[in-house]
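Just data-v3.tsv here, TSV, C-alpha atoms:
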```
chain	number	residue	atom	x	y	z
G	184	MET	CA	-0.59	-76.00	30.58
G	185	ARG	CA	-2.30	-75.30	27.30
G	186	TYR	CA	-1.38	-75.41	23.62
G	187	ILE	CA	-0.60	-71.75	23.27
G	188	ASN	CA	1.05	-69.52	20.69
G	189	LEU	CA	1.00	-65.89	21.73
G	190	LEU	CA	3.39	-64.52	19.10
G	191	LEU	CA	1.72	-61.43	17.52
G	192	THR	CA	-1.29	-61.81	19.83
G	193	PHE	CA	-1.28	-58.17	20.74
G	194	LEU	CA	-1.21	-56.70	17.24
G	195	PHE	CA	-4.81	-55.96	18.04
G	196	LEU	CA	-3.66	-53.54	20.70
G	197	LEU	CA	-1.69	-51.49	18.23
G	198	THR	CA	-4.65	-50.87	15.94
G	199	ALA	CA	-7.61	-50.76	18.33
G	200	SER	CA	-9.21	-47.40	18.92
G	201	ALA	CA	-8.12	-45.89	22.18
G	202	SER	CA	-11.59	-44.52	22.70
G	203	ALA	CA	-13.44	-47.80	22.24
G	204	GLN	CA	-15.75	-48.24	25.21
G	205	SER	CA	-18.54	-50.44	23.91
G	206	ASP	CA	-17.65	-53.45	26.02
G	207	HIS	CA	-17.03	-51.68	29.30
G	208	VAL	CA	-19.32	-52.88	32.05
G	209	SER	CA	-21.33	-50.59	34.23
G	210	GLY	CA	-21.22	-50.78	37.98
G	211	ASP	CA	-20.68	-48.86	41.19
G	212	ALA	CA	-16.90	-48.84	40.70
G	213	PRO	CA	-15.37	-48.12	37.28
G	214	ARG	CA	-12.29	-49.71	35.78
G	215	TRP	CA	-9.17	-48.43	37.45
G	216	SER	CA	-7.42	-45.57	35.71
G	217	ILE	CA	-3.91	-46.18	34.41
G	218	GLU	CA	-2.62	-43.86	37.12
G	219	LYS	CA	-4.41	-45.76	39.88
G	220	ALA	CA	-3.20	-49.11	38.57
G	221	ASN	CA	0.41	-47.95	38.43
G	222	ASN	CA	0.27	-46.31	41.84
G	223	TRP	CA	-0.98	-49.60	43.25
G	224	TYR	CA	1.74	-51.61	41.49
G	225	GLU	CA	4.54	-49.34	42.67
G	226	LYS	CA	3.70	-50.38	46.23
G	227	GLN	CA	3.85	-54.09	45.43
G	228	PRO	CA	6.93	-56.29	45.37
G	229	TRP	CA	7.98	-58.04	42.17
G	230	TYR	CA	5.42	-60.83	42.38
G	231	THR	CA	6.99	-64.21	41.74
G	232	GLY	CA	5.21	-67.47	42.34
G	233	PHE	CA	3.17	-70.27	40.89
G	234	ASN	CA	-0.25	-71.67	40.08
G	235	TYR	CA	-1.08	-73.72	43.13
G	236	ALA	CA	-2.89	-76.98	43.62
G	237	PRO	CA	-1.74	-78.95	46.67
G	238	GLY	CA	-0.05	-82.22	45.91
G	239	TYR	CA	-3.06	-84.11	47.30
G	240	ALA	CA	-5.53	-82.49	44.87
G	241	ILE	CA	-6.29	-83.63	41.33
G	242	ASN	CA	-8.39	-80.48	40.84
G	243	GLN	CA	-9.81	-77.42	42.57
G	244	ILE	CA	-12.78	-79.33	43.99
G	245	GLU	CA	-10.52	-81.86	45.69
G	246	MET	CA	-8.39	-79.01	47.01
G	247	TRP	CA	-11.30	-77.31	48.79
G	248	GLN	CA	-13.98	-79.93	49.49
G	249	GLU	CA	-14.43	-80.61	53.21
G	250	ASP	CA	-13.57	-84.32	53.05
G	251	THR	CA	-10.23	-83.69	51.33
G	252	PHE	CA	-9.17	-80.19	52.39
G	253	ASP	CA	-5.81	-80.60	54.15
G	254	PRO	CA	-4.44	-77.49	55.91
G	255	GLU	CA	-1.38	-79.37	57.17
G	256	ALA	CA	-0.32	-80.25	53.64
G	257	ILE	CA	-0.95	-76.68	52.47
G	258	ASP	CA	1.06	-75.29	55.38
G	259	ARG	CA	3.97	-77.60	54.58
G	260	GLU	CA	3.96	-76.82	50.86
G	261	LEU	CA	3.60	-73.05	51.23
G	262	GLY	CA	6.45	-73.21	53.72
G	263	TRP	CA	8.61	-74.67	50.96
G	264	ALA	CA	7.46	-71.86	48.67
G	265	GLU	CA	8.45	-69.27	51.28
G	266	ASP	CA	11.89	-70.87	51.59
G	267	ILE	CA	12.41	-70.40	47.84
G	268	GLY	CA	11.32	-66.75	48.13
G	269	PHE	CA	8.04	-66.86	46.23
G	270	THR	CA	5.56	-64.11	47.09
G	271	MET	CA	2.37	-65.07	45.24
G	272	ALA	CA	0.21	-68.12	44.52
G	273	ARG	CA	-2.55	-68.20	41.91
G	274	VAL	CA	-5.44	-70.31	43.22
G	275	PHE	CA	-8.66	-71.65	41.68
G	276	LEU	CA	-12.08	-71.73	43.35
G	277	HIS	CA	-15.23	-73.45	42.03
G	278	ASN	CA	-18.90	-72.47	41.98
G	279	LEU	CA	-20.10	-75.98	42.94
G	280	LEU	CA	-18.31	-75.67	46.28
G	281	TRP	CA	-20.35	-72.55	47.01
G	282	ASP	CA	-23.56	-74.34	46.09
G	283	GLN	CA	-22.64	-77.28	48.29
G	284	ASP	CA	-21.70	-75.46	51.50
G	285	LYS	CA	-21.03	-71.74	51.24
G	286	GLU	CA	-20.37	-71.22	54.95
G	287	GLY	CA	-17.93	-74.11	55.10
G	288	PHE	CA	-16.29	-73.01	51.86
G	289	ILE	CA	-15.73	-69.50	53.23
G	290	LYS	CA	-14.19	-70.95	56.40
G	291	ARG	CA	-11.81	-73.12	54.40
G	292	ILE	CA	-10.77	-70.15	52.26
G	293	GLU	CA	-10.14	-68.20	55.47
G	294	THR	CA	-7.99	-71.04	56.77
G	295	PHE	CA	-6.05	-71.12	53.52
G	296	LEU	CA	-5.48	-67.35	53.56
G	297	GLU	CA	-4.25	-67.53	57.16
G	298	ILE	CA	-1.69	-70.13	56.13
G	299	ALA	CA	-0.60	-68.17	53.07
G	300	ASP	CA	-0.26	-64.97	55.12
G	301	LYS	CA	1.83	-66.84	57.69
G	302	HIS	CA	4.26	-67.65	54.86
G	303	ASN	CA	4.20	-64.12	53.39
G	304	ILE	CA	2.48	-65.26	50.20
G	305	LYS	CA	-0.19	-63.11	48.57
G	306	ILE	CA	-3.01	-64.77	46.65
G	307	MET	CA	-4.34	-64.21	43.15
G	308	MET	CA	-7.82	-65.73	43.31
G	309	ILE	CA	-9.72	-67.20	40.34
G	310	LEU	CA	-13.49	-67.73	40.35
G	311	PHE	CA	-14.05	-69.49	37.00
G	312	ASP	CA	-12.13	-71.65	34.53
G	313	ASP	CA	-13.02	-72.66	30.96
G	314	VAL	CA	-10.37	-75.40	30.66
G	315	TRP	CA	-10.34	-79.21	30.97
G	316	ASP	CA	-13.31	-81.39	31.98
G	317	PRO	CA	-16.60	-79.59	31.13
G	318	ALA	CA	-18.66	-81.89	33.37
G	319	PRO	CA	-17.53	-81.18	36.96
G	320	HIS	CA	-19.17	-82.89	39.91
G	321	LEU	CA	-19.00	-82.78	43.68
G	322	GLY	CA	-18.00	-85.73	45.84
G	323	LYS	CA	-15.20	-88.16	45.27
G	324	GLN	CA	-13.06	-87.13	42.32
G	325	ARG	CA	-11.56	-89.49	39.76
G	326	SER	CA	-8.16	-91.09	40.28
G	327	PRO	CA	-5.40	-89.71	38.06
G	328	ILE	CA	-4.87	-91.43	34.73
G	329	PRO	CA	-1.32	-92.77	35.16
G	330	HIS	CA	1.42	-90.59	33.68
G	331	THR	CA	-1.10	-88.11	32.18
G	332	HIS	CA	-1.03	-84.33	32.39
G	333	ASN	CA	-3.91	-82.78	34.36
G	334	SER	CA	-6.16	-85.81	33.98
G	335	GLY	CA	-8.75	-84.62	36.50
G	336	TRP	CA	-8.96	-80.82	36.32
G	337	VAL	CA	-12.47	-79.45	35.85
G	338	GLN	CA	-14.14	-76.42	34.34
G	339	GLY	CA	-16.27	-74.09	36.35
G	340	PRO	CA	-19.01	-73.41	35.57
G	341	GLY	CA	-19.62	-76.66	33.79
G	342	ARG	CA	-21.06	-76.98	30.33
G	343	ASP	CA	-24.63	-77.37	31.59
G	344	ILE	CA	-24.69	-73.84	33.03
G	345	LEU	CA	-22.35	-72.11	30.62
G	346	GLU	CA	-24.25	-72.96	27.43
G	347	ASP	CA	-27.62	-71.89	28.89
G	348	VAL	CA	-27.72	-68.10	29.24
G	349	ASN	CA	-30.92	-68.45	31.26
G	350	ARG	CA	-28.88	-70.17	33.98
G	351	HIS	CA	-26.05	-67.65	34.20
G	352	ASP	CA	-27.81	-65.72	36.95
G	353	GLU	CA	-27.51	-68.82	39.14
G	354	LEU	CA	-23.86	-67.79	39.58
G	355	GLU	CA	-24.60	-64.31	40.94
G	356	GLY	CA	-24.81	-65.46	44.54
G	357	TYR	CA	-21.43	-67.16	44.27
G	358	VAL	CA	-19.69	-64.14	42.75
G	359	ARG	CA	-21.25	-61.62	45.09
G	360	GLY	CA	-20.79	-63.88	48.10
G	361	ILE	CA	-17.07	-64.38	47.52
G	362	PHE	CA	-16.46	-60.73	46.71
G	363	SER	CA	-18.55	-59.33	49.54
G	364	HIS	CA	-16.57	-61.42	52.04
G	365	PHE	CA	-13.09	-60.87	50.61
G	366	ALA	CA	-13.31	-57.57	48.67
G	367	ASN	CA	-11.26	-55.74	51.31
G	368	ASP	CA	-8.97	-58.60	52.32
G	369	ASP	CA	-5.36	-57.60	51.68
G	370	ARG	CA	-4.26	-61.24	51.75
G	371	ILE	CA	-5.83	-61.44	48.28
G	372	ALA	CA	-3.76	-59.16	46.06
G	373	ILE	CA	-5.58	-59.64	42.73
G	374	TRP	CA	-8.77	-61.17	41.35
G	375	ASP	CA	-8.12	-63.10	38.12
G	376	VAL	CA	-11.82	-63.46	37.53
G	377	TYR	CA	-11.93	-66.14	34.82
G	378	ASN	CA	-9.13	-68.42	33.58
G	379	GLU	CA	-8.71	-68.73	29.81
G	380	PRO	CA	-12.27	-67.72	28.91
G	381	GLY	CA	-13.41	-69.22	25.64
G	382	ASN	CA	-10.85	-72.02	25.55
G	383	THR	CA	-12.50	-74.84	23.60
G	384	ASN	CA	-10.15	-77.38	25.17
G	385	ASP	CA	-9.94	-79.77	22.18
G	386	ASN	CA	-12.41	-82.17	23.83
G	387	THR	CA	-9.63	-83.75	25.88
G	388	TYR	CA	-11.94	-85.54	28.28
G	389	GLY	CA	-14.30	-87.03	25.74
G	390	HIS	CA	-17.19	-84.85	26.96
G	391	ARG	CA	-18.97	-82.43	24.67
G	392	GLU	CA	-17.95	-78.82	25.17
G	393	ALA	CA	-20.49	-76.05	25.62
G	394	ALA	CA	-22.12	-75.07	22.33
G	395	ASN	CA	-20.98	-71.67	20.99
G	396	LYS	CA	-18.63	-71.51	23.93
G	397	GLN	CA	-16.96	-68.19	23.21
G	398	PHE	CA	-20.31	-66.46	22.75
G	399	HIS	CA	-21.72	-67.90	25.97
G	400	THR	CA	-18.57	-67.12	27.94
G	401	LEU	CA	-18.71	-63.49	26.83
G	402	GLN	CA	-22.33	-63.19	27.99
G	403	LEU	CA	-21.33	-64.61	31.37
G	404	LEU	CA	-18.22	-62.44	31.66
G	405	LYS	CA	-20.24	-59.27	31.22
G	406	LYS	CA	-22.46	-60.25	34.13
G	407	VAL	CA	-19.60	-61.48	36.30
G	408	PHE	CA	-17.66	-58.24	35.92
G	409	ALA	CA	-20.73	-56.15	36.69
G	410	TRP	CA	-21.40	-58.22	39.82
G	411	ALA	CA	-17.78	-57.99	40.90
G	412	ARG	CA	-17.48	-54.24	40.28
G	413	SER	CA	-20.66	-53.59	42.24
G	414	GLU	CA	-19.01	-55.07	45.34
G	415	ASN	CA	-16.30	-52.37	45.12
G	416	PRO	CA	-13.24	-54.55	45.70
G	417	THR	CA	-10.05	-52.83	46.81
G	418	GLN	CA	-8.01	-55.28	44.74
G	419	PRO	CA	-7.59	-55.01	40.95
G	420	LEU	CA	-9.58	-57.22	38.58
G	421	THR	CA	-8.02	-58.89	35.57
G	422	LEU	CA	-8.65	-61.37	32.77
G	423	GLY	CA	-5.56	-63.04	31.34
G	424	VAL	CA	-5.30	-63.13	27.54
G	425	TRP	CA	-3.97	-66.49	26.59
G	426	ARG	CA	-3.64	-67.30	22.89
G	427	SER	CA	-3.40	-65.88	19.40
G	428	ARG	CA	-6.50	-65.87	17.22
G	429	PHE	CA	-5.37	-63.65	14.39
G	430	GLY	CA	-8.85	-62.98	13.00
G	431	ALA	CA	-10.05	-61.89	16.42
G	432	TRP	CA	-7.10	-59.88	17.65
G	433	ASN	CA	-6.27	-57.83	14.56
G	434	GLY	CA	-9.81	-57.11	13.49
G	435	GLU	CA	-9.73	-59.06	10.24
G	436	ASN	CA	-12.79	-61.05	11.23
G	437	PRO	CA	-14.96	-58.97	13.57
G	438	SER	CA	-17.81	-61.48	13.26
G	439	ASP	CA	-15.67	-64.10	15.02
G	440	PRO	CA	-17.28	-64.54	18.48
G	441	ALA	CA	-13.79	-64.55	19.96
G	442	ALA	CA	-13.21	-60.96	18.83
G	443	GLY	CA	-15.74	-59.53	21.26
G	444	LEU	CA	-14.52	-61.83	24.01
G	445	TYR	CA	-10.89	-60.76	23.77
G	446	ASN	CA	-11.73	-57.10	23.36
G	447	PHE	CA	-13.82	-57.28	26.51
G	448	MET	CA	-10.98	-58.88	28.46
G	449	LEU	CA	-8.51	-56.15	27.57
G	450	GLU	CA	-10.93	-53.25	27.97
G	451	ASN	CA	-12.07	-54.23	31.45
G	452	SER	CA	-8.91	-55.42	33.18
G	453	ASP	CA	-7.37	-53.07	35.74
G	454	ILE	CA	-3.97	-54.70	35.22
G	455	ILE	CA	-2.82	-56.71	32.21
G	456	THR	CA	-2.20	-60.43	32.62
G	457	PHE	CA	-1.25	-63.00	30.03
G	458	HIS	CA	-0.10	-66.60	29.47
G	459	THR	CA	2.83	-67.83	27.41
G	460	TYR	CA	4.84	-71.03	27.42
G	461	GLU	CA	7.22	-70.04	24.67
G	462	GLY	CA	10.90	-69.14	24.55
G	463	LEU	CA	12.35	-65.71	25.22
G	464	LYS	CA	12.22	-64.41	21.65
G	465	ASN	CA	8.47	-64.95	21.40
G	466	VAL	CA	7.87	-63.77	24.96
G	467	LYS	CA	9.52	-60.46	24.08
G	468	ALA	CA	7.33	-60.17	20.99
G	469	VAL	CA	4.28	-60.52	23.19
G	470	VAL	CA	5.45	-58.15	25.91
G	471	ARG	CA	6.63	-55.23	23.75
G	472	PRO	CA	3.14	-53.98	22.83
G	473	LEU	CA	1.88	-54.75	26.33
G	474	LEU	CA	4.41	-52.34	27.78
G	475	ASP	CA	2.96	-49.62	25.53
G	476	ILE	CA	-0.43	-49.96	27.21
G	477	GLY	CA	1.03	-48.43	30.35
G	478	ARG	CA	-0.64	-50.69	32.88
G	479	PRO	CA	1.07	-53.16	35.25
G	480	ILE	CA	1.77	-56.55	33.68
G	481	ILE	CA	1.86	-60.02	35.22
G	482	CYS	CA	2.45	-63.28	33.38
G	483	THR	CA	0.09	-65.66	35.16
G	484	GLU	CA	1.18	-68.85	33.37
G	485	TYR	CA	4.60	-69.66	31.88
G	486	MET	CA	7.43	-72.22	31.88
G	487	ALA	CA	7.04	-75.52	30.06
G	488	ARG	CA	10.31	-77.38	29.79
G	489	PRO	CA	11.87	-77.71	27.27
G	490	TYR	CA	10.06	-74.91	25.40
G	491	SER	CA	11.04	-72.41	28.09
G	492	THR	CA	12.85	-72.39	31.42
G	493	PHE	CA	13.13	-70.25	34.53
G	494	GLU	CA	16.73	-69.41	33.68
G	495	GLU	CA	15.68	-68.06	30.28
G	496	ILE	CA	12.50	-66.16	31.12
G	497	MET	CA	12.68	-64.92	34.72
G	498	PRO	CA	15.53	-62.40	34.28
G	499	TYR	CA	13.61	-60.68	31.49
G	500	PHE	CA	10.47	-60.48	33.64
G	501	ALA	CA	12.53	-59.15	36.54
G	502	GLU	CA	14.10	-56.45	34.35
G	503	HIS	CA	10.65	-55.07	33.46
G	504	LYS	CA	8.97	-55.88	36.78
G	505	ILE	CA	6.59	-58.22	35.02
G	506	GLY	CA	5.10	-60.54	37.60
G	507	ALA	CA	6.05	-64.18	37.01
G	508	LEU	CA	3.75	-67.04	38.01
G	509	ASN	CA	4.73	-70.37	36.50
G	510	TRP	CA	2.34	-73.27	36.10
G	511	GLY	CA	2.66	-75.77	38.91
G	512	PHE	CA	4.60	-76.19	42.13
G	513	ILE	CA	4.19	-79.69	43.56
G	514	ALA	CA	4.29	-82.70	41.22
G	515	GLY	CA	1.28	-84.37	42.77
G	516	ARG	CA	-2.06	-85.77	41.66
G	517	SER	CA	-2.45	-83.20	38.89
G	518	GLN	CA	0.66	-84.71	37.25
G	519	THR	CA	1.54	-81.56	35.33
G	520	ASN	CA	5.18	-82.59	35.35
G	521	TYR	CA	4.02	-84.74	32.40
G	522	PRO	CA	3.64	-82.89	29.06
G	523	TRP	CA	0.46	-82.03	27.19
G	524	PRO	CA	1.10	-84.85	24.63
G	525	SER	CA	0.82	-87.42	27.42
G	526	TRP	CA	-2.89	-87.56	26.49
G	527	GLU	CA	-1.85	-89.20	23.22
G	528	LYS	CA	1.66	-90.52	23.87
G	529	HIS	CA	2.04	-93.25	26.50
G	530	PHE	CA	4.53	-92.74	29.32
G	531	ASN	CA	5.73	-95.46	31.71
G	532	THR	CA	8.02	-93.31	33.85
G	533	GLU	CA	8.31	-89.63	34.67
G	534	PRO	CA	9.38	-87.50	31.72
G	535	THR	CA	12.80	-86.01	31.16
G	536	PRO	CA	12.71	-83.12	31.47
G	537	TRP	CA	9.68	-82.42	33.63
G	538	PHE	CA	7.14	-80.27	31.83
G	539	HIS	CA	5.86	-78.12	34.75
G	540	ASP	CA	6.29	-78.17	38.56
G	541	ILE	CA	9.30	-77.55	40.77
G	542	LEU	CA	9.16	-79.87	43.78
G	543	ARG	CA	8.33	-83.50	44.48
G	544	MET	CA	5.72	-84.46	47.07
G	545	ASP	CA	8.41	-84.72	49.75
G	546	GLY	CA	9.67	-81.19	49.05
G	547	THR	CA	12.85	-82.16	47.24
G	548	ALA	CA	13.60	-80.22	44.08
G	549	TYR	CA	13.34	-81.60	40.57
G	550	SER	CA	16.49	-79.54	39.92
G	551	ASP	CA	18.59	-78.15	42.76
G	552	GLU	CA	20.33	-75.84	40.31
G	553	GLU	CA	17.00	-74.45	39.14
G	554	VAL	CA	15.81	-73.71	42.68
G	555	ILE	CA	19.12	-72.04	43.55
G	556	PHE	CA	18.78	-69.85	40.46
G	557	ILE	CA	15.23	-68.81	41.42
G	558	LYS	CA	16.25	-68.03	45.01
G	559	ASN	CA	19.21	-65.93	43.95
G	560	LEU	CA	17.27	-63.96	41.35
G	561	ILE	CA	14.48	-63.13	43.79
G	562	LYS	CA	17.05	-61.99	46.40
G	563	GLN	CA	18.72	-59.72	43.82
G	564	THR	CA	15.45	-57.90	43.10
G	565	LYS	CA	14.65	-57.03	46.70
```

How would this structure read if it were set down as structure tokens?
Amino acid sequence: MRYINLLLTFLFLLTASASAQSDHVSGDAPRWSIEKANNWYEKQPWYTGFNYAPGYAINQIEMWQEDTFDPEAIDRELGWAEDIGFTMARVFLHNLLWDQDKEGFIKRIETFLEIADKHNIKIMMILFDDVWDPAPHLGKQRSPIPHTHNSGWVQGPGRDILEDVNRHDELEGYVRGIFSHFANDDRIAIWDVYNEPGNTNDNTYGHREAANKQFHTLQLLKKVFAWARSENPTQPLTLGVWRSRFGAWNGENPSDPAAGLYNFMLENSDIITFHTYEGLKNVKAVVRPLLDIGRPIICTEYMARPYSTFEEIMPYFAEHKIGALNWGFIAGRSQTNYPWPSWEKHFNTEPTPWFHDILRMDGTAYSDEEVIFIKNLIKQTK
């Protein structure tokens, strides 16, 4: 769902010192060893699935907030996912929901996990997100801008907290509270702690982004990982690398604030996760050096028609047991079946082809052939 070019992203990995430890966080539980990570992954199925926002939700706040949380819709939609054969959903939380009503928020997460477990779907849970609207708010959310991709998604934390390092500690209760409650819950398979940290988002919403965003995100990440590790979760922690910044990744510009951010992400993740929306040739270029790291790999965002398709990418992921979580499932209020350029280019009807998403709100497939392909491939890997 982002403008991403990951080709050559991981050249950094080929030249970085294997002994570099300067950005490792301290805590009660250390980063998983390569052996522990691989032993864990051997016991897991080939995780296939999607980034999930219910069709009724324009963003993560609308998904979870008490007035709009809809277990019946979630049950129906995850039932469709089970029918296809998907085994994982990547799901976003938000710190404002904790501030608003932490007890109620926990109960709604419990309800969601019960539904997901009923449909044999494991959850990859995300606490923070640096992408889209930097000024989130509670209460009634905006209506979608017609025919526009992700016109209401929000960042968490918002700009007001992120750019003020003196306020970062306000998030400790949220992180510790979520982890202390769910750190041993096997319905949550993985913690993807922070989505696309440092993404400056191109000011899509017309709101000012956080000043020195990559610097401030790194300061927050160091605290978040220390808080999370101290709760001793049984699930692996990860941070998904998501775009190429040549000066940061290959060491040509170590003063770039992104360099420290990306190094931290790779040095502290128990398993390796990444995003790419490109075709197979470029995906292979990204994955080759990742395989050399020796840790389990999951692609946590991919598939943007026509740049890439399930038919092109999924067999390669299956061959290497690289987890495959595409962006989007239901073409609902988030409208991610429309392409990124819909912010600049006007659409009057749904695009051809769809950009993301698989099903319409009534559960019918955008492409029957595509769904049949996904079902058959998943069956072949079991």

Problem - Residue neighbourhood segment 223-235 of chain G, 7 Å, all atoms listed in the file, exclusion window fewer than 4 positions, as a PyMOL selection string - result: chain G and resi 219+269-274+479+504+506-512

Closest contacts (segment 254-320 of chain G/segment 390-402 of chain G, max 8 Å, all atoms listed in the file) as a Markdown table:
```
| residue | atom | partner | partner_atom | distance |
| --- | --- | --- | --- | --- |
| G:Asp316 | CA | G:His390 | CA | 7.2 |
| G:Pro317 | CA | G:Glu392 | CA | 6.2 |
| G:Ala318 | CA | G:His390 | CA | 7.2 |
```

Completion exercise
One decimal place gives the atom CA of Asp369 of chain G-atom CA of Gly287 of chain G separation as 21.0 Å

Exercise for the section: Would you kindly return, as a VMD selection string, each protein, DNA or RNA residue with an atom no farther than 7 Å from any atom of Pro419 of chain G, considering only C-alpha atoms and excluding same-chain residues fewer than 4 positions away? Expected result: chain G and resid 373 to 374 453 to 454

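Those residues positioned at most 8 Å from (-23.1, -59.8, 39.8) are Glu355, Gly356, Val358, Arg359, Lys406, Val407, Phe408, Ala409, Trp410, Ala411, Arg412 and Ser413 of chain G, judged using all atoms listed in the file.
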
How big is the axis-aligned box around the listed atoms of segment 498-507 of chain G once 3 Å is added on each side, and where is its centre? Give both in Å to one decimal, as lines of an AutoDock Vina configuration file.
```
center_x = 10.3
center_y = -59.6
center_z = 34.5
size_x = 16.4
size_y = 15.1
size_z = 12.1
```

Practice task
Go through G:Ser334, G:Thr456, G:Ser326, G:Thr417 one by one, measure the shortest atom-to-atom distance of each to Ala366 of chain G using only C-alpha atoms, and give the residue with the smallest value.
Solution key: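 Selected residue with least distance to Ala366 of chain G: G:Thr417.
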
Handout entry: Between atom CA of Arg350 of chain G and atom CA of Trp281 of chain G - distance in Å to one decimal
Key =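 Value for the atom CA of Trp281 of chain G-atom CA of Arg350 of chain G distance: 15.8 Å.
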
Exercise for the section: Kindly give the distance, in Å, that separates atom CA of Leu404 of chain G and atom CA of Arg325 of chain G, rounded to a single decimal. Expected result: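 Straight-line distance from atom CA of Leu404 of chain G to atom CA of Arg325 of chain G works out to 29.0 Å.
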
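Of the listed residues G:His539, G:Lys467, G:Arg516, G:Lys528, the one whose atoms come nearest to Gly335 of chain G is G:Arg516, with distances taken using all atoms listed in the file.
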
Exercise for the section: Measuring atom to atom with all atoms listed in the file, identify which of G:Ile298, G:Leu280, G:Ile244, G:Val469 is nearest to Glu265 of chain G. Expected result: G:Ile298

Problem - Of the listed residues G:Pro237, G:Gly546, G:Pro254, G:Gly360, that which approaches Glu297 of chain G most closely, counting only C-alpha atoms - result: G:Pro254

Problem - Pick from G:Lys285, G:Arg488, G:Arg259, G:Lys323, whichever lies nearest to Asp540 of chain G using all atoms listed in the file - result: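 Of G:Lys285, G:Arg488, G:Arg259, G:Lys323, the one nearest Asp540 of chain G is G:Arg488, counting all atoms listed in the file.
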
Problem - Closest of G:Asp475, G:Glu255, G:Glu533, G:His458 to Gly515 of chain G - atom-to-atom distances counting only C-alpha atoms - result: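 Going through G:Asp475, G:Glu255, G:Glu533, G:His458 one by one, the smallest distance to Gly515 of chain G is for G:Glu533.
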
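Every protein or nucleic acid residue with an atom no more than 8 Å from Leu422 of chain G, counting all atoms listed in the file and leaving out same-chain residues fewer than 6 positions away, appears here: Asp375, Val376, Tyr377, Asn378, Glu379, Met448, Leu449, Ser452, Ile455 and Thr456 of chain G.
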
Output C-alpha atoms for every residue in that selection, as a compact mmCIF listing (two decimals), in the coordinates of the input.
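Writing the result to out.txt gives the following:
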```txt
# COMPACT_ATOMS: atom_id res chain seq x y z
CA ASP G 375 -8.12 -63.10 38.12
CA VAL G 376 -11.82 -63.46 37.53
CA TYR G 377 -11.93 -66.14 34.82
CA ASN G 378 -9.13 -68.42 33.58
CA GLU G 379 -8.71 -68.73 29.81
CA MET G 448 -10.98 -58.88 28.46
CA LEU G 449 -8.51 -56.15 27.57
CA SER G 452 -8.91 -55.42 33.18
CA ILE G 455 -2.82 -56.71 32.21
CA THR G 456 -2.20 -60.43 32.62
```
